[in-house]
Structures are given as structure tokens and as C-alpha cells.
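**Student:** One structure, pasted below without further comment.
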Amino acid sequence: MRNKELVREALEARKQSYCPYSGFAVGAALLCGDGTVFRGCNIENAAYPATNCAERTAMFKAVSEGNTDFRAIAIVGGPKGKEPKDFCAPCGVCRQVMAEFCSRDFQVLMLGCEGIQRTASLGELLPYAFSLEK
Ligand code: THU
């Protein structure tokens with residue numbers, strides 16, 4: 001799948017964002033090795049820490065469906081109801097969840113309204129990631 005299509009999936013995912021508290025809508029599209037794409041959006045809660053980010057929604061959906069072979073993720077976020085201007089980078093918790101399942105060359109596409117604004121590998125976003133010796 002091309003980056004452009006993955007971006008389109010993330011934009012679709014963003015439409016489902018439930019963000020009445022922050023007003024910041026995020027969508028993510030996670031590409032698996034077999035070509036499957038899992039969409040995710042942020043899901044907020046009146047008890048703020050119970051909020052789930054778009055990236056983790058997508059990853060948890062995938063893992064719960066038996067898929068842990070991840071290749072790339074597209075992320076798009078910004079004020080709800082508006083075209084996102086700046087690129088949206090994954091938060092630290094989401095980076096750590098990525099590190100659980102993804103290799104250092106996992107591709108993270110971070111988007112603004114003019115297409116892909118930044119691309120980075122997980123190794124670049126989270127060097128020295130914590131992991132248990134196996
Ligand atoms: N958010 C995400 O969905 N992904 C990120 O990586 C950063 C933040 C969400 C969480 C919350 O619903 C809103 O953006 C504002 O922090």
C-alpha cells in the first residue's frame with residue numbers, strides 16, 4: 001500500500017474521533033505485513049487519563065485481532081472540524097506501545113494538511129526504548 005492511501009485511511013479514521021474535552025481530533029491508520037489496515041481514533045473520557053490515543057486504538061484493535069506484524073502508521077491530528085495544519089507526532093506512551101511490537105525501522109508518517117510533513121522511524125522517535133530482556 002502506498003503512503004498516500006494510508007494517509008487517506010488516517011483521515012477517514014479521524015472522522016470517528018471522540019474528543020469533547022480537548023477538541024483535538026486524531027486519526028491513525030496502521031499497516032500490517034499482510035496488507036491489512038487497522039484504523040484508530042482518539043477516544044476521550046470525562047476522567048481524562050482514561051483517554052486512549054488514536055495510535056493505541058489502532059494497535060490494540062490489531063493485536064486483539066491476532067495481528068502484531070506492523071510496518072507503518074499514518075497519523076493525522078488537529079483541532080476538530082478543521083484541516084490539520086501542523087504535523088501530529090505520537091505521544092510517549094504510544095511510542096512505547098509501538099516499541100513493544102515494532103522494529104526500529106517501523107515507519108511513522110506524521111501529517112498536516114499538505115500531505116506528509118514528517119516521516120521518521122521508530123528508532124529515531126524512541127531511541128533507547130525500554131524492553132525486557134527475553
Ligand atoms: N492524542 C492522540 O490521539 N495521539 C497522540 O499521539 C497525541 C494525543 C489525543 C489524546 C487526546 O484525546 C488529544 O489528542 C489531546 O491530547
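Every chain in the C-alpha cells takes a letter, A first, then B, and so on in the order presented; its residues are numbered from 1, and the ligands are numbered from 1 following the presented order.
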Give one line per residue of chain A that approaches ligand 1 to at most 9 Å, naming the two atoms of the closest pair and their distance in Å to one decimal, counting only C-alpha atoms and all ligand atoms; sort by chain then ascending residue number and deliver it as JSON lines.
**Tutor:**
{"residue": "A:Ser17", "atom": "CA", "partner": "ligand 1", "partner_atom_place_in_ligand_line": "12 (O)", "distance": 8.2}
{"residue": "A:Tyr18", "atom": "CA", "partner": "ligand 1", "partner_atom_place_in_ligand_line": "12 (O)", "distance": 7.6}
{"residue": "A:Cys19", "atom": "CA", "partner": "ligand 1", "partner_atom_place_in_ligand_line": "12 (O)", "distance": 5.6}
{"residue": "A:Pro20", "atom": "CA", "partner": "ligand 1", "partner_atom_place_in_ligand_line": "12 (O)", "distance": 8.6}
{"residue": "A:Tyr21", "atom": "CA", "partner": "ligand 1", "partner_atom_place_in_ligand_line": "12 (O)", "distance": 7.7}
{"residue": "A:Ser22", "atom": "CA", "partner": "ligand 1", "partner_atom_place_in_ligand_line": "15 (C)", "distance": 5.4}
{"residue": "A:Gly23", "atom": "CA", "partner": "ligand 1", "partner_atom_place_in_ligand_line": "13 (C)", "distance": 7.4}
{"residue": "A:Phe24", "atom": "CA", "partner": "ligand 1", "partner_atom_place_in_ligand_line": "13 (C)", "distance": 5.0}
{"residue": "A:Ala25", "atom": "CA", "partner": "ligand 1", "partner_atom_place_in_ligand_line": "14 (O)", "distance": 6.3}
{"residue": "A:Val26", "atom": "CA", "partner": "ligand 1", "partner_atom_place_in_ligand_line": "3 (O)", "distance": 4.9}
{"residue": "A:Gly27", "atom": "CA", "partner": "ligand 1", "partner_atom_place_in_ligand_line": "3 (O)", "distance": 7.0}
{"residue": "A:Ala28", "atom": "CA", "partner": "ligand 1", "partner_atom_place_in_ligand_line": "3 (O)", "distance": 8.1}
{"residue": "A:Gly40", "atom": "CA", "partner": "ligand 1", "partner_atom_place_in_ligand_line": "3 (O)", "distance": 8.7}
{"residue": "A:Cys41", "atom": "CA", "partner": "ligand 1", "partner_atom_place_in_ligand_line": "3 (O)", "distance": 6.4}
{"residue": "A:Asn42", "atom": "CA", "partner": "ligand 1", "partner_atom_place_in_ligand_line": "3 (O)", "distance": 4.3}
{"residue": "A:Ile43", "atom": "CA", "partner": "ligand 1", "partner_atom_place_in_ligand_line": "12 (O)", "distance": 6.1}
{"residue": "A:Glu44", "atom": "CA", "partner": "ligand 1", "partner_atom_place_in_ligand_line": "12 (O)", "distance": 5.2}
{"residue": "A:Asn45", "atom": "CA", "partner": "ligand 1", "partner_atom_place_in_ligand_line": "12 (O)", "distance": 8.5}
{"residue": "A:Tyr48", "atom": "CA", "partner": "ligand 1", "partner_atom_place_in_ligand_line": "12 (O)", "distance": 8.6}
{"residue": "A:Thr51", "atom": "CA", "partner": "ligand 1", "partner_atom_place_in_ligand_line": "12 (O)", "distance": 6.1}
{"residue": "A:Asn52", "atom": "CA", "partner": "ligand 1", "partner_atom_place_in_ligand_line": "10 (C)", "distance": 6.4}
{"residue": "A:Cys53", "atom": "CA", "partner": "ligand 1", "partner_atom_place_in_ligand_line": "3 (O)", "distance": 3.3}
{"residue": "A:Ala54", "atom": "CA", "partner": "ligand 1", "partner_atom_place_in_ligand_line": "3 (O)", "distance": 4.0}
{"residue": "A:Glu55", "atom": "CA", "partner": "ligand 1", "partner_atom_place_in_ligand_line": "4 (N)", "distance": 6.0}
{"residue": "A:Arg56", "atom": "CA", "partner": "ligand 1", "partner_atom_place_in_ligand_line": "3 (O)", "distance": 7.9}
{"residue": "A:Thr57", "atom": "CA", "partner": "ligand 1", "partner_atom_place_in_ligand_line": "3 (O)", "distance": 8.5}
{"residue": "A:Ile75", "atom": "CA", "partner": "ligand 1", "partner_atom_place_in_ligand_line": "4 (N)", "distance": 8.0}
{"residue": "A:Val76", "atom": "CA", "partner": "ligand 1", "partner_atom_place_in_ligand_line": "4 (N)", "distance": 8.7}
{"residue": "A:Gly77", "atom": "CA", "partner": "ligand 1", "partner_atom_place_in_ligand_line": "14 (O)", "distance": 7.4}
{"residue": "A:Gly78", "atom": "CA", "partner": "ligand 1", "partner_atom_place_in_ligand_line": "14 (O)", "distance": 8.2}
{"residue": "A:Cys88", "atom": "CA", "partner": "ligand 1", "partner_atom_place_in_ligand_line": "6 (O)", "distance": 7.1}
{"residue": "A:Ala89", "atom": "CA", "partner": "ligand 1", "partner_atom_place_in_ligand_line": "6 (O)", "distance": 5.8}
{"residue": "A:Pro90", "atom": "CA", "partner": "ligand 1", "partner_atom_place_in_ligand_line": "6 (O)", "distance": 3.3}
{"residue": "A:Cys91", "atom": "CA", "partner": "ligand 1", "partner_atom_place_in_ligand_line": "6 (O)", "distance": 4.0}
{"residue": "A:Gly92", "atom": "CA", "partner": "ligand 1", "partner_atom_place_in_ligand_line": "6 (O)", "distance": 7.5}
{"residue": "A:Val93", "atom": "CA", "partner": "ligand 1", "partner_atom_place_in_ligand_line": "6 (O)", "distance": 8.0}
{"residue": "A:Cys94", "atom": "CA", "partner": "ligand 1", "partner_atom_place_in_ligand_line": "6 (O)", "distance": 6.2}
{"residue": "A:Arg95", "atom": "CA", "partner": "ligand 1", "partner_atom_place_in_ligand_line": "6 (O)", "distance": 8.3}
**Student:** Please identify the helix (DSSP H, G or I) residues within chain A (assignment by DSSP from backbone atoms) and present them as a PyMOL selection string.
**Tutor:** chain A and resi 3-14+48-50+54-64+92-101+122-125
**Student:** When you look at Asn67 of chain A with a cut-off of 9 Å (counting only C-alpha atoms), what residues show up, excluding the ones that are within fewer than 6 positions of it in the same chain? I need them as a PDB file with C-alpha atoms, in the first residue's frame.
**Tutor:**
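Generated file (part.pdb):
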ATOM      1  CA  CYS A  32       0.324  -4.694   8.714  1.00  0.00           C
ATOM      2  CA  GLY A  33       2.660  -7.021   6.850  1.00  0.00           C
ATOM      3  CA  THR A  36      -4.381  -5.235   6.422  1.00  0.00           C
ATOM      4  CA  MET A  59      -2.614  -1.032  17.600  1.00  0.00           C
ATOM      5  CA  LYS A  61      -7.509  -3.337  17.606  1.00  0.00           C
TER       6      LYS A  61
END
**Student:** Quick one: everything within 9 Å of Leu31 of chain A, counting only C-alpha atoms, minus sequence neighbours fewer than 5 positions away in the same chain. Send it as an NGL selection string.
**Tutor:** :A and (1 or 6 or 36-38 or 69-74)
**Student:** For the atom pair atom CA of Gln16 of chain A and atom CA of Leu111 of chain A, what is the interatomic distance in Å to one decimal place?
**Tutor:** 17.3 Å
**Student:** In Å to one decimal, how far is atom CA of Gln107 of chain A from atom CA of Leu122 of chain A?
**Tutor:**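 Answer for the atom CA of Leu122 of chain A to atom CA of Gln107 of chain A separation: 6.5 Å.
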**Student:** Just how far from atom CA of Ala29 of chain A is atom CA of Gln117 of chain A, in Å to one decimal?
**Tutor:**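 Atom-to-atom, atom CA of Gln117 of chain A and atom CA of Ala29 of chain A are spaced 15.8 Å apart.
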**Student:** Rank nothing, just name the residue among A:Ala58, A:Ala50, A:Leu125, A:Leu132 nearest to Met110 of chain A, using only C-alpha atoms.
**Tutor:**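 The answer is A:Leu125, which sits nearest to Met110 of chain A.
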**Student:** Please run DSSP on the backbone and report, as a PyMOL selection string, all residues within chain A that come out as strand (DSSP E or B).
**Tutor:** chain A and resi 18+24-32+37-41+43+52+70-79+107-112+115-121
